[in-house]
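Raw target-v2.cif, mmCIF, C-alpha atoms:
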data_run
loop_
_atom_site.group_PDB
_atom_site.id
_atom_site.type_symbol
_atom_site.label_atom_id
_atom_site.label_comp_id
_atom_site.auth_asym_id
_atom_site.auth_seq_id
_atom_site.Cartn_x
_atom_site.Cartn_y
_atom_site.Cartn_z
ATOM 1 C CA MET A 1 0.000 0.000 0.000
ATOM 2 C CA GLY A 2 2.916 2.244 -0.720
ATOM 3 C CA GLY A 3 2.474 5.656 -2.177
ATOM 4 C CA ARG A 4 -0.358 6.712 0.098
ATOM 5 C CA ALA A 5 -0.451 10.193 1.526
ATOM 6 C CA ALA A 6 0.791 10.468 5.071
ATOM 7 C CA THR A 7 -1.723 10.410 7.880
ATOM 8 C CA ILE A 8 -2.915 13.905 8.664
ATOM 9 C CA GLN A 9 -3.348 14.887 12.275
ATOM 10 C CA ILE A 10 -5.462 18.027 12.333
ATOM 11 C CA ARG A 11 -5.105 20.108 15.475
ATOM 12 C CA ALA A 12 -6.704 23.300 14.178
ATOM 13 C CA GLY A 13 -9.815 24.020 12.203
ATOM 14 C CA LEU A 14 -12.570 23.249 14.694
ATOM 15 C CA PRO A 15 -14.226 26.197 16.399
ATOM 16 C CA ALA A 16 -13.302 26.881 20.019
ATOM 17 C CA GLU A 17 -16.882 26.242 21.103
ATOM 18 C CA PRO A 18 -18.350 22.731 20.720
ATOM 19 C CA LEU A 19 -20.375 22.193 17.584
ATOM 20 C CA THR A 20 -24.113 21.724 17.818
ATOM 21 C CA PRO A 21 -25.991 19.502 15.358
ATOM 22 C CA GLY A 22 -26.866 21.344 12.177
ATOM 23 C CA GLU A 23 -24.502 24.220 12.950
ATOM 24 C CA TYR A 24 -22.366 23.710 9.861
ATOM 25 C CA ARG A 25 -20.884 21.212 7.494
ATOM 26 C CA MET A 26 -17.680 19.566 8.794
ATOM 27 C CA THR A 27 -14.687 19.085 6.534
ATOM 28 C CA PRO A 28 -13.262 15.573 6.177
ATOM 29 C CA ALA A 29 -10.283 16.632 8.327
ATOM 30 C CA GLN A 30 -12.635 17.804 11.101
ATOM 31 C CA ILE A 31 -14.565 14.523 10.903
ATOM 32 C CA VAL A 32 -11.333 12.546 11.289
ATOM 33 C CA GLN A 33 -10.156 14.740 14.174
ATOM 34 C CA HIS A 34 -13.479 14.269 15.963
ATOM 35 C CA LEU A 35 -13.362 10.481 15.486
ATOM 36 C CA ARG A 36 -9.771 10.283 16.711
ATOM 37 C CA THR A 37 -10.758 12.274 19.786
ATOM 38 C CA VAL A 38 -13.643 9.977 20.719
ATOM 39 C CA LEU A 39 -12.398 6.605 19.389
ATOM 40 C CA GLY A 40 -8.619 6.864 19.543
ATOM 41 C CA GLN A 41 -6.904 4.189 17.468
ATOM 42 C CA ALA A 42 -10.017 3.188 15.469
ATOM 43 C CA VAL A 43 -8.882 5.532 12.672
ATOM 44 C CA THR A 44 -5.659 3.957 11.394
ATOM 45 C CA ASP A 45 -5.037 6.361 8.511
ATOM 46 C CA ALA A 46 -6.729 9.253 6.738
ATOM 47 C CA LEU A 47 -6.471 10.875 3.327
ATOM 48 C CA VAL A 48 -8.259 14.180 3.823
ATOM 49 C CA ASP A 49 -6.064 16.799 2.177
ATOM 50 C CA PRO A 50 -8.174 19.658 0.761
ATOM 51 C CA GLY A 51 -7.412 18.532 -2.816
ATOM 52 C CA GLN A 52 -8.303 14.887 -2.152
ATOM 53 C CA LYS A 53 -11.017 13.839 -4.626
ATOM 54 C CA HIS A 54 -12.279 10.980 -2.461
ATOM 55 C CA PRO A 55 -11.550 11.904 1.173
ATOM 56 C CA ARG A 56 -11.472 8.830 3.356
ATOM 57 C CA LEU A 57 -10.371 7.288 6.561
ATOM 58 C CA HIS A 58 -9.092 3.785 7.123
ATOM 59 C CA THR A 59 -9.848 1.316 9.879
ATOM 60 C CA THR A 60 -9.685 -2.386 10.687
ATOM 61 C CA ALA A 61 -12.373 -5.042 10.950
ATOM 62 C CA GLU A 62 -12.063 -5.110 14.740
ATOM 63 C CA HIS A 63 -12.817 -1.377 15.007
ATOM 64 C CA TRP A 64 -15.426 -1.175 12.259
ATOM 65 C CA ARG A 65 -18.604 -1.741 14.273
ATOM 66 C CA ALA A 66 -17.810 0.872 16.956
ATOM 67 C CA LEU A 67 -16.733 3.340 14.278
ATOM 68 C CA ALA A 68 -19.894 2.720 12.217
ATOM 69 C CA GLU A 69 -22.125 3.243 15.261
ATOM 70 C CA ARG A 70 -20.352 6.527 16.011
ATOM 71 C CA LEU A 71 -20.676 7.678 12.391
ATOM 72 C CA ALA A 72 -24.403 6.939 12.359
ATOM 73 C CA ASN A 73 -25.409 7.978 15.887
ATOM 74 C CA ASP A 74 -23.126 10.848 16.889
ATOM 75 C CA PRO A 75 -25.284 14.001 16.484
ATOM 76 C CA LEU A 76 -22.284 15.976 15.225
ATOM 77 C CA LEU A 77 -21.735 13.461 12.451
ATOM 78 C CA ALA A 78 -25.229 12.042 11.737
ATOM 79 C CA PHE A 79 -24.203 9.959 8.721
ATOM 80 C CA ASP A 80 -27.642 8.712 7.777
ATOM 81 C CA TRP A 81 -27.076 7.755 4.135
ATOM 82 C CA LEU A 82 -24.893 4.920 2.877
ATOM 83 C CA SER A 83 -24.671 5.772 -0.816
ATOM 84 C CA CYS A 84 -22.339 2.932 -1.803
ATOM 85 C CA LEU A 85 -20.524 -0.050 -0.405
ATOM 86 C CA THR A 86 -17.951 -1.675 -2.629
ATOM 87 C CA ALA A 87 -14.955 -3.951 -2.196
ATOM 88 C CA VAL A 88 -11.360 -3.868 -3.416
ATOM 89 C CA ASP A 89 -8.914 -6.749 -3.768
ATOM 90 C CA TYR A 90 -5.349 -5.911 -2.742
ATOM 91 C CA ALA A 91 -4.073 -9.367 -3.686
ATOM 92 C CA ALA A 92 -0.386 -8.407 -3.494
ATOM 93 C CA ASP A 93 -0.891 -7.312 0.137
ATOM 94 C CA GLN A 94 -3.115 -10.298 1.000
ATOM 95 C CA LYS A 95 -5.944 -7.919 1.926
ATOM 96 C CA LEU A 96 -9.440 -7.012 0.869
ATOM 97 C CA ALA A 97 -11.096 -3.717 1.696
ATOM 98 C CA ALA A 98 -14.740 -2.823 2.071
ATOM 99 C CA ALA A 99 -15.286 0.816 1.103
ATOM 100 C CA TYR A 100 -18.293 2.714 2.451
ATOM 101 C CA ASP A 101 -19.353 6.090 1.038
ATOM 102 C CA LEU A 102 -21.351 7.978 3.674
ATOM 103 C CA ARG A 103 -23.235 11.265 3.691
ATOM 104 C CA SER A 104 -25.109 13.237 6.307
ATOM 105 C CA THR A 105 -28.323 14.638 4.847
ATOM 106 C CA ARG A 106 -28.687 16.647 8.056
ATOM 107 C CA HIS A 107 -25.314 18.422 7.935
ATOM 108 C CA GLY A 108 -24.299 17.990 4.287
ATOM 109 C CA HIS A 109 -20.866 16.525 4.978
ATOM 110 C CA GLU A 110 -19.527 13.277 3.567
ATOM 111 C CA ILE A 111 -16.626 10.872 3.903
ATOM 112 C CA ALA A 112 -15.610 7.406 2.826
ATOM 113 C CA VAL A 113 -14.378 4.637 5.098
ATOM 114 C CA LYS A 114 -12.108 1.809 3.973
ATOM 115 C CA VAL A 115 -12.088 -1.231 6.222
ATOM 116 C CA TYR A 116 -9.094 -3.501 5.616
ATOM 117 C CA LEU A 117 -9.511 -7.263 6.032
ATOM 118 C CA ASP A 118 -7.429 -10.397 5.946
ATOM 119 C CA ARG A 119 -7.899 -11.801 2.440
ATOM 120 C CA ASP A 120 -7.959 -15.395 3.715
ATOM 121 C CA LYS A 121 -10.682 -14.749 6.306
ATOM 122 C CA PRO A 122 -12.575 -11.617 5.290
ATOM 123 C CA GLU A 123 -15.246 -11.002 7.918
ATOM 124 C CA LEU A 124 -16.956 -7.816 9.034
ATOM 125 C CA PRO A 125 -19.969 -7.146 11.236
ATOM 126 C CA THR A 126 -23.018 -6.102 9.248
ATOM 127 C CA VAL A 127 -24.189 -2.490 9.335
ATOM 128 C CA MET A 128 -27.595 -3.132 7.777
ATOM 129 C CA ASP A 129 -29.220 -2.160 11.083
ATOM 130 C CA LEU A 130 -27.520 1.258 10.887
ATOM 131 C CA TRP A 131 -27.946 1.816 7.149
ATOM 132 C CA PRO A 132 -30.648 -0.391 5.559
ATOM 133 C CA ALA A 133 -29.080 0.106 2.101
ATOM 134 C CA ALA A 134 -26.214 -2.090 3.338
ATOM 135 C CA ASP A 135 -28.461 -5.151 3.030
ATOM 136 C CA TRP A 136 -28.053 -5.704 -0.708
ATOM 137 C CA HIS A 137 -24.660 -3.979 -0.881
ATOM 138 C CA GLU A 138 -23.254 -6.488 1.633
ATOM 139 C CA ARG A 139 -24.785 -9.366 -0.298
ATOM 140 C CA GLU A 140 -23.083 -8.131 -3.478
ATOM 141 C CA ALA A 141 -19.690 -7.792 -1.716
ATOM 142 C CA TYR A 142 -20.157 -11.323 -0.371
ATOM 143 C CA ASP A 143 -21.171 -12.697 -3.761
ATOM 144 C CA LEU A 144 -18.440 -11.112 -5.852
ATOM 145 C CA MET A 145 -15.547 -10.744 -3.355
ATOM 146 C CA GLY A 146 -16.282 -13.275 -0.613
ATOM 147 C CA ILE A 147 -16.566 -10.880 2.339
ATOM 148 C CA ARG A 148 -18.711 -12.442 5.070
ATOM 149 C CA PHE A 149 -20.859 -9.975 7.008
ATOM 150 C CA THR A 150 -21.538 -11.463 10.419
ATOM 151 C CA GLY A 151 -25.007 -10.769 11.751
ATOM 152 C CA HIS A 152 -26.501 -10.196 8.290
ATOM 153 C CA THR A 153 -30.037 -11.633 8.317
ATOM 154 C CA ASP A 154 -29.959 -12.982 4.737
ATOM 155 C CA LEU A 155 -26.357 -13.297 3.563
ATOM 156 C CA ARG A 156 -26.556 -15.181 0.282
ATOM 157 C CA ARG A 157 -25.548 -14.593 -3.300
ATOM 158 C CA ILE A 158 -27.424 -11.797 -5.051
ATOM 159 C CA LEU A 159 -26.121 -11.910 -8.650
ATOM 160 C CA LEU A 160 -24.827 -15.450 -9.117
ATOM 161 C CA PRO A 161 -26.516 -18.800 -8.472
ATOM 162 C CA GLU A 162 -26.058 -20.248 -4.974
ATOM 163 C CA ASP A 163 -23.932 -23.124 -6.295
ATOM 164 C CA TRP A 164 -21.462 -20.841 -8.117
ATOM 165 C CA ILE A 165 -17.891 -21.571 -7.099
ATOM 166 C CA GLY A 166 -15.652 -18.690 -6.086
ATOM 167 C CA HIS A 167 -15.922 -14.920 -6.135
ATOM 168 C CA PRO A 168 -15.451 -13.452 -9.637
ATOM 169 C CA LEU A 169 -14.098 -9.990 -8.768
ATOM 170 C CA ARG A 170 -11.091 -11.339 -6.903
ATOM 171 C CA LYS A 171 -7.912 -10.844 -8.879
ATOM 172 C CA ASP A 172 -6.967 -14.524 -8.750
ATOM 173 C CA TYR A 173 -10.384 -15.804 -9.881
ATOM 174 C CA VAL A 174 -10.299 -18.275 -12.767
ATOM 175 C CA PHE A 175 -13.407 -17.985 -14.929
ATOM 176 C CA PRO A 176 -15.054 -21.327 -15.657
ATOM 177 C CA ARG A 177 -15.420 -22.574 -19.220
ATOM 178 C CA GLN A 178 -18.923 -23.787 -18.437
ATOM 179 C CA TYR A 179 -21.577 -23.710 -15.739
ATOM 180 C CA GLN A 180 -23.885 -26.727 -15.469
ATOM 181 C CA GLY A 181 -23.363 -27.531 -19.152
ATOM 182 C CA ILE A 182 -23.872 -23.941 -20.299
ATOM 183 C CA PRO A 183 -20.822 -22.511 -22.114
ATOM 184 C CA ALA A 184 -19.250 -19.578 -20.324
ATOM 185 C CA THR A 185 -17.215 -16.718 -21.775
ATOM 186 C CA TYR A 186 -14.542 -17.361 -24.301
ATOM 187 C CA GLU A 187 -13.569 -13.704 -24.512
ATOM 188 C CA LEU A 188 -10.099 -14.514 -23.206
ATOM 189 C CA ASP A 189 -9.610 -16.733 -26.260
ATOM 190 C CA TRP A 190 -11.037 -14.063 -28.578
ATOM 191 C CA GLN A 191 -8.584 -11.474 -27.284
ATOM 192 C CA GLN A 192 -5.765 -13.606 -28.691
ATOM 193 C CA GLN A 193 -7.119 -13.317 -32.248
ATOM 194 C CA ALA A 194 -5.677 -10.721 -34.627
ATOM 195 C CA ASN A 195 -9.120 -9.292 -35.517
ATOM 196 C CA TYR A 196 -10.223 -8.735 -31.907
ATOM 197 C CA PRO A 197 -11.584 -5.155 -31.567
ATOM 198 C CA GLY A 198 -9.646 -3.157 -29.186
#

Encoding of this model in structure tokens:
Amino acid sequence: MGGRAATIQIRAGLPAEPLTPGEYRMTPAQIVQHLRTVLGQAVTDALVDPGQKHPRLHTTAEHWRALAERLANDPLLAFDWLSCLTAVDYAADQKLAAAYDLRSTRHGHEIAVKVYLDRDKPELPTVMDLWPAADWHEREAYDLMGIRFTGHTDLRRILLPEDWIGHPLRKDYVFPRQYQGIPATYELDWQQQANYPG
């Protein structure tokens, strides 16, 4: 995971008086500072420079549930909308990451959270009770990347049949030549031909 921006520890930028809900929109740096103040080591890294196109903080699976509850229930944060949950395969580092894009409709601020997991045993607690949109998003991350969301009430495949083998968005996935007698893609063979468009 080399090449990442250094962790930013913001000490200035918050008003001297405590914020009250709805007072103003927090910057990503202020959100990270607030979370580090109340949760300590739960935020393991942050990329929140003013020019950052996708400001985010990083955490681990063990800290995710407490961090998610704080993001949803802290009145200063009030992240009530999970707009996207996706997953990333860092095969070279033997890690997966679940990435959550969150927004507060109350305050207008937003941030992303990347939760890093062991690639061999990728498990996270569900957050579908905090953000109902996580229900199908978690099922998709399970189906395509193999992340198990403990506590999910209906964790099963959402795009592929239940008897499908493997998780097709992992970098080491080998696409089958057939599924139950039905021919699968041969695009990899086509790409070898001289007249392949591209």

Discussion item. Report as a ChimeraX atom specification all protein, DNA and RNA residues lying within 9 Å of segment 113-120 of chain A, evaluated on all atoms listed in the file, omitting residues in the same chain fewer than 6 positions from it.
Written reply: /A:55-61,63-64,87,89-91,93-102,147

Worksheet item: Contacts of Ala134 of chain A at 10 Å or less, counting only C-alpha atoms, minus same-chain residues fewer than 4 places along, as a PyMOL selection string?
Response: chain A and resi 81-85+100+126-130+138-140+152

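We find atom CA of His167 of chain A and atom CA of Pro125 of chain A to be spaced 19.5 Å apart.
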
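Neighbouring residues of segment 156-165 of chain A at 10 Å or closer, counting all atoms listed in the file and skipping chain neighbours under 5 positions away, are Trp136, His137, Glu138, Arg139, Glu140, Ala141, Tyr142, Asp143, Leu144, Gly146, Arg148, Tyr173, Phe175, Pro176, Tyr179 and Gln180 of chain A.
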
Worksheet item: Care to translate the PyMOL selection byres ((chain A and resi 109) around 7) into actual residues of this file, as an NGL selection string?
Response: :A and (25-27 or 103-104 or 107-108 or 110)

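Residue nearest Leu67 of chain A within the list A:Thr153, A:Gln41, A:Thr105, A:Gln30: A:Gln41 [criterion: smallest interatomic distance, only C-alpha atoms].
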
Practice prompt. Compare A:Ala72, A:Ala92, A:Leu155, A:Leu77 by their minimum atom-to-atom distance to Pro28 of chain A, counting only C-alpha atoms, and give me the closest one.
Written response: A:Leu77

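Of the residues listed (A:Val43, A:Ala66, A:Lys53, A:Pro168), A:Ala66 shows the shortest atom-to-atom separation from Leu124 of chain A; distances use all atoms listed in the file.
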
Ala29 of chain A surroundings by only C-alpha atoms, 7 Å radius, close-in-sequence under 2 positions cut, as a PDB file with C-alpha atoms, in the coordinates of the input:
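Dumped everything to selection-v1.pdb:
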ATOM      1  CA  ILE A  10      -5.462  18.027  12.333  1.00  0.00           C
ATOM      2  CA  THR A  27     -14.687  19.085   6.534  1.00  0.00           C
ATOM      3  CA  ILE A  31     -14.565  14.523  10.903  1.00  0.00           C
ATOM      4  CA  VAL A  32     -11.333  12.546  11.289  1.00  0.00           C
ATOM      5  CA  GLN A  33     -10.156  14.740  14.174  1.00  0.00           C
ATOM      6  CA  VAL A  48      -8.259  14.180   3.823  1.00  0.00           C
TER       7      VAL A  48
END

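Between atom CA of Pro132 of chain A and atom CA of Ala42 of chain A the interatomic distance comes to 23.2 Å.
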
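In this structure, atom CA of Thr44 of chain A sits 26.5 Å away from atom CA of Arg106 of chain A.
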
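With all atoms listed in the file as the atoms that count, the residue of A:Ala112, A:Ile182, A:Leu35, A:Leu71 with the shortest distance to Thr86 of chain A is A:Ala112.
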